[in-house]
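Student: Here you go, model06.cif (mmCIF, C-alpha atoms and all ligand atoms):
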data_final
#
loop_
_atom_site.label_atom_id
_atom_site.label_comp_id
_atom_site.auth_asym_id
_atom_site.auth_seq_id
_atom_site.Cartn_x
_atom_site.Cartn_y
_atom_site.Cartn_z
CA MET A 187 -17.79 14.09 -8.85
CA GLY A 188 -15.71 10.94 -9.29
CA ASP A 189 -15.74 7.66 -7.46
CA VAL A 190 -13.36 5.78 -5.20
CA ALA A 191 -13.41 2.00 -5.43
CA ILE A 192 -12.15 -0.51 -2.88
CA LEU A 193 -10.86 -3.78 -4.31
CA GLY A 194 -9.49 -6.82 -2.45
CA VAL A 195 -6.56 -8.73 -3.92
CA PRO A 196 -6.33 -11.99 -1.93
CA HIS A 197 -2.95 -13.09 -3.23
CA ASP A 198 0.17 -14.26 -1.35
CA LYS A 199 1.85 -16.76 -3.66
CA ASN A 200 4.96 -14.57 -3.87
CA SER A 201 5.48 -14.23 -0.11
CA SER A 202 8.97 -15.41 0.81
CA PHE A 203 8.71 -16.32 4.50
CA MET A 204 5.12 -17.31 5.27
CA ARG A 205 1.74 -17.26 3.61
CA GLY A 206 -1.37 -15.61 5.06
CA PRO A 207 -1.97 -12.20 3.44
CA ALA A 208 -4.40 -13.78 0.96
CA GLN A 209 -6.83 -13.92 3.89
CA ALA A 210 -6.42 -10.22 4.64
CA PRO A 211 -9.08 -8.52 2.47
CA ALA A 212 -11.86 -10.57 4.06
CA GLU A 213 -10.42 -9.98 7.53
CA ILE A 214 -10.15 -6.20 7.07
CA ARG A 215 -13.76 -6.03 5.88
CA ARG A 216 -14.87 -8.27 8.75
CA VAL A 217 -13.36 -6.08 11.47
CA MET A 218 -14.50 -2.91 9.72
CA HIS A 219 -18.11 -4.11 9.98
CA ALA A 220 -17.88 -6.15 13.19
CA GLY A 221 -19.65 -3.53 15.28
CA SER A 222 -16.71 -2.76 17.56
CA ALA A 223 -16.11 0.58 15.81
CA ASN A 224 -18.02 2.90 13.53
CA LEU A 225 -17.25 3.85 9.95
CA CYS A 226 -16.40 7.49 10.61
CA THR A 227 -12.98 8.91 9.93
CA GLU A 228 -11.31 10.94 12.66
CA ARG A 229 -12.27 14.13 10.84
CA GLY A 230 -15.92 13.07 10.94
CA ARG A 231 -16.81 11.67 7.55
CA ASP A 232 -19.13 8.65 7.72
CA LEU A 233 -17.75 6.24 5.12
CA GLY A 234 -20.96 4.23 5.40
CA ALA A 235 -22.83 7.14 3.84
CA GLN A 236 -20.68 8.07 0.84
CA PRO A 237 -22.48 7.51 -2.47
CA ASN A 238 -19.21 7.76 -4.39
CA LEU A 239 -17.33 5.14 -2.33
CA HIS A 240 -17.82 1.59 -3.66
CA ASP A 241 -16.53 -1.76 -2.48
CA VAL A 242 -16.19 -3.77 -5.70
CA GLY A 243 -15.26 -7.00 -3.90
CA ASP A 244 -12.26 -9.29 -4.33
CA ILE A 245 -10.42 -10.39 -7.42
CA SER A 246 -10.99 -14.11 -8.02
CA PHE A 247 -8.01 -16.13 -9.13
CA ALA A 248 -10.03 -19.33 -9.61
CA ASN A 249 -9.67 -19.34 -13.39
CA SER A 250 -6.61 -17.22 -13.91
CA ALA A 251 -3.78 -18.57 -16.05
CA ASP A 252 -1.49 -15.68 -15.15
CA ASP A 253 -2.35 -14.05 -11.81
CA PHE A 254 -0.35 -10.88 -12.40
CA ALA A 255 -1.83 -10.30 -15.86
CA HIS A 256 -5.24 -10.83 -14.26
CA ILE A 257 -4.56 -8.24 -11.53
CA THR A 258 -3.42 -5.68 -14.12
CA ALA A 259 -6.52 -6.34 -16.27
CA VAL A 260 -8.98 -6.05 -13.38
CA VAL A 261 -7.37 -2.86 -12.04
CA ASP A 262 -7.41 -1.39 -15.55
CA GLU A 263 -11.14 -2.18 -15.86
CA VAL A 264 -11.87 -0.33 -12.62
CA LEU A 265 -9.75 2.68 -13.58
CA LYS A 266 -11.41 2.86 -17.00
CA THR A 267 -14.69 3.66 -15.24
CA GLY A 268 -13.00 6.84 -13.98
CA ALA A 269 -12.83 5.61 -10.40
CA ARG A 270 -9.73 5.82 -8.27
CA LEU A 271 -8.67 2.64 -6.53
CA LEU A 272 -7.82 1.68 -2.97
CA THR A 273 -6.60 -1.92 -2.89
CA LEU A 274 -6.58 -4.23 0.12
CA GLY A 275 -3.82 -6.84 -0.21
CA GLY A 276 -2.51 -9.43 -0.39
CA ASP A 277 1.25 -9.31 -0.06
CA HIS A 278 3.38 -6.50 -1.48
CA ALA A 279 4.10 -8.37 -4.72
CA ILE A 280 0.69 -7.22 -6.01
CA THR A 281 1.81 -3.59 -6.23
CA PHE A 282 3.79 -4.28 -9.44
CA PRO A 283 0.82 -5.59 -11.50
CA ILE A 284 -1.39 -2.87 -9.98
CA MET A 285 1.05 -0.16 -11.05
CA ARG A 286 1.19 -1.53 -14.60
CA ALA A 287 -2.45 -0.45 -14.87
CA VAL A 288 -2.26 2.71 -12.74
CA ALA A 289 0.63 4.07 -14.85
CA GLN A 290 -1.61 3.92 -17.93
CA HIS A 291 -4.04 6.33 -16.29
CA PHE A 292 -1.96 8.71 -14.17
CA ARG A 293 1.27 10.40 -15.24
CA PRO A 294 3.34 12.06 -13.98
CA LEU A 295 3.20 9.99 -10.83
CA THR A 296 5.09 9.55 -7.57
CA ILE A 297 4.88 6.51 -5.30
CA VAL A 298 5.22 7.10 -1.59
CA GLN A 299 5.93 3.75 0.07
CA ILE A 300 5.71 3.15 3.81
CA ASP A 301 7.58 -0.04 4.61
CA ALA A 302 10.24 -1.51 6.89
CA HIS A 303 11.80 -2.89 3.70
CA PRO A 304 12.71 -1.22 0.40
CA ASP A 305 11.49 -4.27 -1.61
CA LEU A 306 14.15 -3.56 -4.23
CA TYR A 307 15.73 -7.02 -4.56
CA ASP A 308 16.57 -7.98 -8.12
CA GLU A 309 15.35 -11.45 -7.12
CA LEU A 310 14.77 -13.39 -3.92
CA ASP A 311 15.02 -17.18 -3.76
CA GLY A 312 15.02 -17.18 -7.55
CA ASN A 313 11.69 -15.32 -7.76
CA ARG A 314 11.78 -11.95 -9.54
CA LEU A 315 8.12 -11.40 -8.66
CA SER A 316 8.69 -11.94 -4.91
CA HIS A 317 7.15 -9.50 -2.46
CA ALA A 318 10.77 -8.45 -1.86
CA CYS A 319 11.09 -7.21 -5.49
CA PRO A 320 8.07 -5.15 -6.66
CA PHE A 321 9.74 -1.76 -6.57
CA ALA A 322 12.70 -3.01 -8.62
CA ARG A 323 10.23 -4.17 -11.28
CA ILE A 324 8.24 -0.92 -11.14
CA MET A 325 11.37 1.22 -11.55
CA GLU A 326 12.82 -0.97 -14.33
CA ALA A 327 9.57 -0.65 -16.25
CA GLY A 328 9.53 3.13 -15.77
CA LEU A 329 6.00 3.03 -14.36
CA VAL A 330 6.48 6.08 -12.14
CA ASP A 331 8.55 9.21 -12.19
CA ARG A 332 9.61 9.12 -8.60
CA LEU A 333 9.74 6.65 -5.72
CA ILE A 334 9.96 7.93 -2.15
CA GLN A 335 10.29 5.35 0.62
CA THR A 336 9.99 5.84 4.33
CA GLY A 337 9.95 3.61 7.39
CA VAL A 338 12.87 1.67 5.90
CA ARG A 339 15.15 0.04 8.46
CA THR A 340 16.53 -3.07 6.73
CA LEU A 341 18.84 -1.80 3.98
CA ASN A 342 21.62 -4.18 2.98
CA PRO A 343 24.40 -3.47 0.43
CA HIS A 344 22.48 -4.97 -2.51
CA GLN A 345 19.39 -2.93 -1.82
CA ARG A 346 21.44 0.25 -1.30
CA GLU A 347 22.94 -0.37 -4.75
CA GLN A 348 19.52 -0.92 -6.26
CA ALA A 349 18.21 2.28 -4.64
CA ALA A 350 21.10 4.29 -6.09
CA ARG A 351 20.62 2.66 -9.51
CA PHE A 352 16.93 3.60 -9.64
CA GLY A 353 17.28 7.00 -7.95
CA VAL A 354 15.00 5.98 -5.08
CA GLU A 355 14.64 8.64 -2.40
CA ILE A 356 14.75 6.90 0.97
CA ILE A 357 13.99 8.57 4.27
CA GLU A 358 15.24 5.87 6.57
CA MET A 359 13.27 5.29 9.74
CA LYS A 360 16.21 6.41 11.86
CA ASP A 361 16.11 9.80 10.12
CA TRP A 362 12.31 10.32 10.19
CA THR A 363 10.82 13.60 11.41
CA ALA A 364 7.29 14.90 10.91
CA ASP A 365 8.44 17.25 8.13
CA ALA A 366 10.84 14.80 6.47
CA LEU A 367 8.85 14.19 3.27
CA PRO A 368 10.21 16.25 0.38
CA ALA A 369 7.96 18.52 -1.69
CA ILE A 370 5.94 16.48 -4.20
CA ASN A 371 4.66 18.12 -7.39
CA THR A 372 2.78 15.17 -8.89
CA PRO A 373 -0.17 13.05 -7.82
CA VAL A 374 0.80 10.22 -5.49
CA TYR A 375 0.13 6.51 -5.27
CA LEU A 376 0.48 5.54 -1.59
CA SER A 377 1.72 2.00 -0.96
CA LEU A 378 1.35 1.08 2.69
CA ASP A 379 3.07 -2.08 3.89
CA LEU A 380 1.83 -2.63 7.44
CA ASP A 381 5.26 -3.80 8.57
CA GLY A 382 6.32 -0.16 8.23
CA LEU A 383 4.61 0.23 11.58
CA ASP A 384 6.37 -1.02 14.67
CA PRO A 385 5.43 -4.63 15.54
CA ALA A 386 4.20 -3.24 18.87
CA PHE A 387 1.36 -1.58 16.94
CA ALA A 388 0.98 -4.01 14.05
CA PRO A 389 2.17 -7.49 15.06
CA GLY A 390 0.02 -9.32 12.51
CA VAL A 391 2.52 -9.21 9.66
CA SER A 392 4.91 -11.84 8.31
CA HIS A 393 8.13 -9.89 8.87
CA HIS A 394 8.51 -8.33 12.32
CA GLU A 395 11.03 -5.50 12.13
CA PRO A 396 11.30 -3.55 15.39
CA GLY A 397 11.76 0.21 15.46
CA GLY A 398 8.98 1.40 13.16
CA PHE A 399 6.19 3.96 13.01
CA THR A 400 3.49 4.33 15.61
CA THR A 401 -0.09 4.11 14.36
CA ARG A 402 -0.46 7.80 15.26
CA GLN A 403 2.51 8.81 13.11
CA VAL A 404 1.04 7.08 10.05
CA LEU A 405 -2.40 8.60 10.70
CA ASP A 406 -0.80 12.05 10.93
CA LEU A 407 1.10 11.44 7.70
CA ILE A 408 -2.08 10.44 5.86
CA GLN A 409 -4.21 13.24 7.26
CA ASN A 410 -1.59 15.88 6.45
CA PHE A 411 -0.47 14.32 3.21
CA PRO A 412 1.37 16.94 1.09
CA ALA A 413 -0.02 15.83 -2.32
CA GLN A 414 -3.14 14.36 -3.90
CA ILE A 415 -3.49 10.60 -3.39
CA ILE A 416 -4.90 9.09 -6.62
CA GLY A 417 -4.46 5.45 -5.65
CA ALA A 418 -3.31 3.37 -2.72
CA ASP A 419 -2.79 -0.09 -1.35
CA VAL A 420 -2.71 -1.51 2.19
CA VAL A 421 -0.71 -4.74 2.09
CA GLU A 422 0.95 -7.47 4.15
CA LEU A 423 -1.64 -8.00 6.88
CA ASN A 424 -1.20 -11.64 7.88
CA PRO A 425 -4.34 -12.79 9.75
CA THR A 426 -2.63 -16.04 10.80
CA ARG A 427 -0.48 -13.89 13.14
CA ASP A 428 -3.31 -11.64 14.30
CA PRO A 429 -5.44 -13.68 16.71
CA ILE A 430 -7.06 -10.71 18.49
CA TRP A 431 -7.72 -8.70 15.27
CA MET A 432 -5.34 -6.03 16.49
CA THR A 433 -3.48 -5.46 13.23
CA ALA A 434 -6.63 -5.89 11.14
CA MET A 435 -8.13 -2.98 13.09
CA VAL A 436 -5.03 -0.89 12.33
CA ALA A 437 -5.33 -1.81 8.64
CA ALA A 438 -9.03 -0.96 8.62
CA LYS A 439 -8.47 2.38 10.33
CA LEU A 440 -5.64 3.41 8.02
CA ALA A 441 -7.70 2.31 4.99
CA LYS A 442 -10.58 4.51 6.21
CA GLU A 443 -8.35 7.55 6.54
CA ILE A 444 -6.78 6.92 3.10
CA ALA A 445 -10.25 6.52 1.57
CA GLU A 446 -11.25 9.90 2.97
CA LYS A 447 -8.20 11.59 1.43
CA MET A 448 -8.98 9.95 -1.91
CA LEU A 449 -12.61 11.08 -1.71
CA GLU A 450 -11.43 14.64 -1.12
CA GLY A 451 -9.35 14.28 -4.28
CA VAL A 452 -12.23 13.21 -6.52
CA GLU A 453 -14.42 15.90 -4.99
CA GLY A 454 -11.86 18.55 -5.92
CA ARG A 455 -11.19 19.32 -2.29
CA GLU A 456 -7.70 17.89 -2.04
CA THR A 457 -5.33 19.97 -0.03
CA GLY A 458 -2.12 18.87 -1.77
MN MN B 1 6.83 -4.33 1.38
MN MN B 2 7.81 -4.79 4.44
#
Output the file's structure in the form of structure tokens.

Tutor:
Amino acid sequence: MGDVAILGVPHDKNSSFMRGPAQAPAEIRRVMHAGSANLCTERGRDLGAQPNLHDVGDISFANSADDFAHITAVVDEVLKTGARLLTLGGDHAITFPIMRAVAQHFRPLTIVQIDAHPDLYDELDGNRLSHACPFARIMEAGLVDRLIQTGVRTLNPHQREQAARFGVEIIEMKDWTADALPAINTPVYLSLDLDGLDPAFAPGVSHHEPGGFTTRQVLDLIQNFPAQIIGADVVELNPTRDPIWMTAMVAAKLAKEIAEKMLEGVEGRETG
């Protein structure tokens, strides 16, 4: 039986509009253990009693010369133990250095990204590592075989061009139905940007984009996921915009449900 590790990546230096997501890993853990809710998933698994689920803490950037190289190295160390990794961000920029390590351990591989934005900019404000760019970098580097995006509702001409160039499969939010995901024949890395949800459900993010998923829709998607989830991240919680913990609770709940799916995978009980 394998392990699932939870790792915090408190990093938001590549956020374009406002900082804050560096505070998110601590905030998600705080609400998860605050006593207002229990640690059971909806299907009844007590995550507080899983010997193969480990919180390995946060990455420290105190002495890092190159933060992205450091993220890749730490993720690689965790994956080398045989564990699968659920990361708590941080902004979405961290998914590129994470995938540099994940791609060394899992191929073929598909990313399913839930996000209001495609994050396919070639550069933003002169920064090619911006949180608006990670999926352009991932596709350029050939780190995955397939990228499927959903929740997207902000495509502009440049990003449409980039999507066509990289062969990204986008199910735009306006076209979403419960059976909209295509068949997936590889393991999946799930990248969950909380702004994929509607700001009514998840207001504590930097970029409010109306017209997104309900919390229930994302829970249903995770619980009925059509492939094995071998890695995941939950990114873009901005605690500075979340005074009543509302979005942190959404992040914690979605992380719990993702962790359960990943545990089923390492236990050989995946349904996908
Ligand atoms: Mn994003
Ligand atoms: Mn986004």

Student: I'd like the contact shell of stretch 411-414 of chain A - 7 Å cut-off, only C-alpha atoms, skipping same-chain residues fewer than 2 positions apart - returned as a list of chain:residue names.

Tutor: A:Ile370, A:Pro373, A:Val374, A:Leu407, A:Ile408, A:Gln409, A:Ile416, A:Gly451, A:Glu456, A:Gly458

Student: How would the residues just chosen look if you wrote them out with C-alpha atoms as a compact mmCIF listing (two decimals), keeping the file's coordinate frame?

Tutor:
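File written: out.txt
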# COMPACT_ATOMS: atom_id res chain seq x y z
CA ILE A 370 5.94 16.48 -4.20
CA PRO A 373 -0.17 13.05 -7.82
CA VAL A 374 0.80 10.22 -5.49
CA LEU A 407 1.10 11.44 7.70
CA ILE A 408 -2.08 10.44 5.86
CA GLN A 409 -4.21 13.24 7.26
CA ILE A 416 -4.90 9.09 -6.62
CA GLY A 451 -9.35 14.28 -4.28
CA GLU A 456 -7.70 17.89 -2.04
CA GLY A 458 -2.12 18.87 -1.77

Student: Which protein, DNA or RNA residues have an atom within 9 Å of ligand MN 1 (chain B), counting all atoms listed in the file, as a PyMOL selection string?

Tutor: chain A and resi 277-279+299-305+317-321+377-382+421-422

Student: List the neighbours of A:Tyr375 out to 6 Å using only C-alpha atoms; skip same-chain residues closer than 6 positions along the sequence, and give me the result as number ranges by chain.

Tutor: A: 297, 415-418

Student: Neighbouring residues of A:Ile284 were defined as those with any atom within 12 Å, considering only C-alpha atoms; residues of the same chain fewer than 2 positions away were excluded. Please report them as a VMD selection string.

Tutor: chain A and resid 193 to 195 253 to 265 271 to 276 278 to 282 286 to 291 320 to 321 323 to 324 329 375 377 417 to 419

Student: Pick the closest to ligand MN 2 (chain B) from A:Pro294, A:Gly337, A:Gly454, A:Gly221: which is it, counting all atoms listed in the file?

Tutor: A:Gly337

Student: Fix up stretch 309-335 of chain A with N, CA, C and O atoms, then write it as a PDB file, in the frame of the given file.

Tutor:
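The resulting file, result.pdb, is reproduced below:
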ATOM      1  N   GLU A 309      16.124 -10.210  -7.269  1.00  0.00           N
ATOM      2  CA  GLU A 309      15.350 -11.450  -7.120  1.00  0.00           C
ATOM      3  C   GLU A 309      15.533 -11.944  -5.707  1.00  0.00           C
ATOM      4  O   GLU A 309      16.506 -11.597  -5.046  1.00  0.00           O
ATOM      5  N   LEU A 310      14.594 -12.754  -5.233  1.00  0.00           N
ATOM      6  CA  LEU A 310      14.770 -13.390  -3.920  1.00  0.00           C
ATOM      7  C   LEU A 310      14.369 -14.853  -4.052  1.00  0.00           C
ATOM      8  O   LEU A 310      13.280 -15.156  -4.549  1.00  0.00           O
ATOM      9  N   ASP A 311      15.249 -15.733  -3.639  1.00  0.00           N
ATOM     10  CA  ASP A 311      15.020 -17.180  -3.760  1.00  0.00           C
ATOM     11  C   ASP A 311      14.656 -17.557  -5.195  1.00  0.00           C
ATOM     12  O   ASP A 311      13.815 -18.438  -5.436  1.00  0.00           O
ATOM     13  N   GLY A 312      15.261 -16.870  -6.154  1.00  0.00           N
ATOM     14  CA  GLY A 312      15.020 -17.180  -7.550  1.00  0.00           C
ATOM     15  C   GLY A 312      13.726 -16.618  -8.115  1.00  0.00           C
ATOM     16  O   GLY A 312      13.401 -16.857  -9.285  1.00  0.00           O
ATOM     17  N   ASN A 313      12.991 -15.850  -7.311  1.00  0.00           N
ATOM     18  CA  ASN A 313      11.690 -15.320  -7.760  1.00  0.00           C
ATOM     19  C   ASN A 313      11.789 -13.814  -7.979  1.00  0.00           C
ATOM     20  O   ASN A 313      11.911 -13.050  -7.026  1.00  0.00           O
ATOM     21  N   ARG A 314      11.706 -13.381  -9.223  1.00  0.00           N
ATOM     22  CA  ARG A 314      11.780 -11.950  -9.540  1.00  0.00           C
ATOM     23  C   ARG A 314      10.455 -11.237  -9.281  1.00  0.00           C
ATOM     24  O   ARG A 314      10.372 -10.023  -9.388  1.00  0.00           O
ATOM     25  N   LEU A 315       9.417 -12.002  -8.984  1.00  0.00           N
ATOM     26  CA  LEU A 315       8.120 -11.400  -8.660  1.00  0.00           C
ATOM     27  C   LEU A 315       7.832 -11.475  -7.159  1.00  0.00           C
ATOM     28  O   LEU A 315       6.724 -11.174  -6.712  1.00  0.00           O
ATOM     29  N   SER A 316       8.831 -11.852  -6.372  1.00  0.00           N
ATOM     30  CA  SER A 316       8.690 -11.940  -4.910  1.00  0.00           C
ATOM     31  C   SER A 316       8.184 -10.636  -4.319  1.00  0.00           C
ATOM     32  O   SER A 316       8.411  -9.557  -4.884  1.00  0.00           O
ATOM     33  N   HIS A 317       7.566 -10.731  -3.147  1.00  0.00           N
ATOM     34  CA  HIS A 317       7.150  -9.500  -2.460  1.00  0.00           C
ATOM     35  C   HIS A 317       8.352  -8.678  -1.986  1.00  0.00           C
ATOM     36  O   HIS A 317       8.165  -7.570  -1.483  1.00  0.00           O
ATOM     37  N   ALA A 318       9.554  -9.208  -2.164  1.00  0.00           N
ATOM     38  CA  ALA A 318      10.770  -8.450  -1.860  1.00  0.00           C
ATOM     39  C   ALA A 318      11.269  -7.655  -3.074  1.00  0.00           C
ATOM     40  O   ALA A 318      12.261  -6.937  -2.967  1.00  0.00           O
ATOM     41  N   CYS A 319      10.587  -7.770  -4.209  1.00  0.00           N
ATOM     42  CA  CYS A 319      11.090  -7.210  -5.490  1.00  0.00           C
ATOM     43  C   CYS A 319      10.199  -6.192  -6.201  1.00  0.00           C
ATOM     44  O   CYS A 319      10.638  -5.643  -7.229  1.00  0.00           O
ATOM     45  N   PRO A 320       8.971  -5.913  -5.770  1.00  0.00           N
ATOM     46  CA  PRO A 320       8.070  -5.150  -6.660  1.00  0.00           C
ATOM     47  C   PRO A 320       8.594  -3.784  -7.080  1.00  0.00           C
ATOM     48  O   PRO A 320       8.338  -3.355  -8.209  1.00  0.00           O
ATOM     49  N   PHE A 321       9.331  -3.114  -6.217  1.00  0.00           N
ATOM     50  CA  PHE A 321       9.740  -1.760  -6.570  1.00  0.00           C
ATOM     51  C   PHE A 321      10.941  -1.758  -7.519  1.00  0.00           C
ATOM     52  O   PHE A 321      11.140  -0.795  -8.257  1.00  0.00           O
ATOM     53  N   ALA A 322      11.691  -2.859  -7.568  1.00  0.00           N
ATOM     54  CA  ALA A 322      12.700  -3.010  -8.620  1.00  0.00           C
ATOM     55  C   ALA A 322      12.006  -3.161  -9.974  1.00  0.00           C
ATOM     56  O   ALA A 322      12.390  -2.523 -10.959  1.00  0.00           O
ATOM     57  N   ARG A 323      10.952  -3.971 -10.016  1.00  0.00           N
ATOM     58  CA  ARG A 323      10.230  -4.170 -11.280  1.00  0.00           C
ATOM     59  C   ARG A 323       9.548  -2.875 -11.739  1.00  0.00           C
ATOM     60  O   ARG A 323       9.544  -2.541 -12.924  1.00  0.00           O
ATOM     61  N   ILE A 324       8.945  -2.166 -10.799  1.00  0.00           N
ATOM     62  CA  ILE A 324       8.240  -0.920 -11.140  1.00  0.00           C
ATOM     63  C   ILE A 324       9.227   0.105 -11.705  1.00  0.00           C
ATOM     64  O   ILE A 324       8.945   0.767 -12.717  1.00  0.00           O
ATOM     65  N   MET A 325      10.404   0.225 -11.097  1.00  0.00           N
ATOM     66  CA  MET A 325      11.370   1.220 -11.550  1.00  0.00           C
ATOM     67  C   MET A 325      12.001   0.799 -12.878  1.00  0.00           C
ATOM     68  O   MET A 325      12.219   1.628 -13.762  1.00  0.00           O
ATOM     69  N   GLU A 326      12.277  -0.498 -13.050  1.00  0.00           N
ATOM     70  CA  GLU A 326      12.820  -0.970 -14.330  1.00  0.00           C
ATOM     71  C   GLU A 326      11.869  -0.690 -15.479  1.00  0.00           C
ATOM     72  O   GLU A 326      12.272  -0.373 -16.586  1.00  0.00           O
ATOM     73  N   ALA A 327      10.576  -0.840 -15.205  1.00  0.00           N
ATOM     74  CA  ALA A 327       9.570  -0.650 -16.250  1.00  0.00           C
ATOM     75  C   ALA A 327       9.224   0.830 -16.444  1.00  0.00           C
ATOM     76  O   ALA A 327       8.435   1.163 -17.336  1.00  0.00           O
ATOM     77  N   GLY A 328       9.794   1.696 -15.616  1.00  0.00           N
ATOM     78  CA  GLY A 328       9.530   3.130 -15.770  1.00  0.00           C
ATOM     79  C   GLY A 328       8.076   3.504 -15.518  1.00  0.00           C
ATOM     80  O   GLY A 328       7.535   4.397 -16.151  1.00  0.00           O
ATOM     81  N   LEU A 329       7.440   2.817 -14.567  1.00  0.00           N
ATOM     82  CA  LEU A 329       6.000   3.030 -14.360  1.00  0.00           C
ATOM     83  C   LEU A 329       5.689   4.295 -13.573  1.00  0.00           C
ATOM     84  O   LEU A 329       4.544   4.747 -13.571  1.00  0.00           O
ATOM     85  N   VAL A 330       6.690   4.833 -12.884  1.00  0.00           N
ATOM     86  CA  VAL A 330       6.480   6.080 -12.140  1.00  0.00           C
ATOM     87  C   VAL A 330       7.686   6.987 -12.343  1.00  0.00           C
ATOM     88  O   VAL A 330       8.749   6.560 -12.790  1.00  0.00           O
ATOM     89  N   ASP A 331       7.490   8.239 -12.013  1.00  0.00           N
ATOM     90  CA  ASP A 331       8.550   9.210 -12.190  1.00  0.00           C
ATOM     91  C   ASP A 331       9.446   9.303 -10.961  1.00  0.00           C
ATOM     92  O   ASP A 331      10.598   9.716 -11.053  1.00  0.00           O
ATOM     93  N   ARG A 332       8.874   8.914  -9.830  1.00  0.00           N
ATOM     94  CA  ARG A 332       9.610   9.120  -8.600  1.00  0.00           C
ATOM     95  C   ARG A 332       9.135   8.104  -7.571  1.00  0.00           C
ATOM     96  O   ARG A 332       7.938   7.822  -7.490  1.00  0.00           O
ATOM     97  N   LEU A 333      10.079   7.567  -6.808  1.00  0.00           N
ATOM     98  CA  LEU A 333       9.740   6.650  -5.720  1.00  0.00           C
ATOM     99  C   LEU A 333      10.363   7.182  -4.435  1.00  0.00           C
ATOM    100  O   LEU A 333      11.585   7.360  -4.352  1.00  0.00           O
ATOM    101  N   ILE A 334       9.503   7.453  -3.452  1.00  0.00           N
ATOM    102  CA  ILE A 334       9.960   7.930  -2.150  1.00  0.00           C
ATOM    103  C   ILE A 334       9.583   6.869  -1.122  1.00  0.00           C
ATOM    104  O   ILE A 334       8.413   6.474  -1.036  1.00  0.00           O
ATOM    105  N   GLN A 335      10.555   6.394  -0.373  1.00  0.00           N
ATOM    106  CA  GLN A 335      10.290   5.350   0.620  1.00  0.00           C
ATOM    107  C   GLN A 335      10.551   5.893   2.016  1.00  0.00           C
ATOM    108  O   GLN A 335      11.521   6.621   2.234  1.00  0.00           O
TER     109      GLN A 335
END
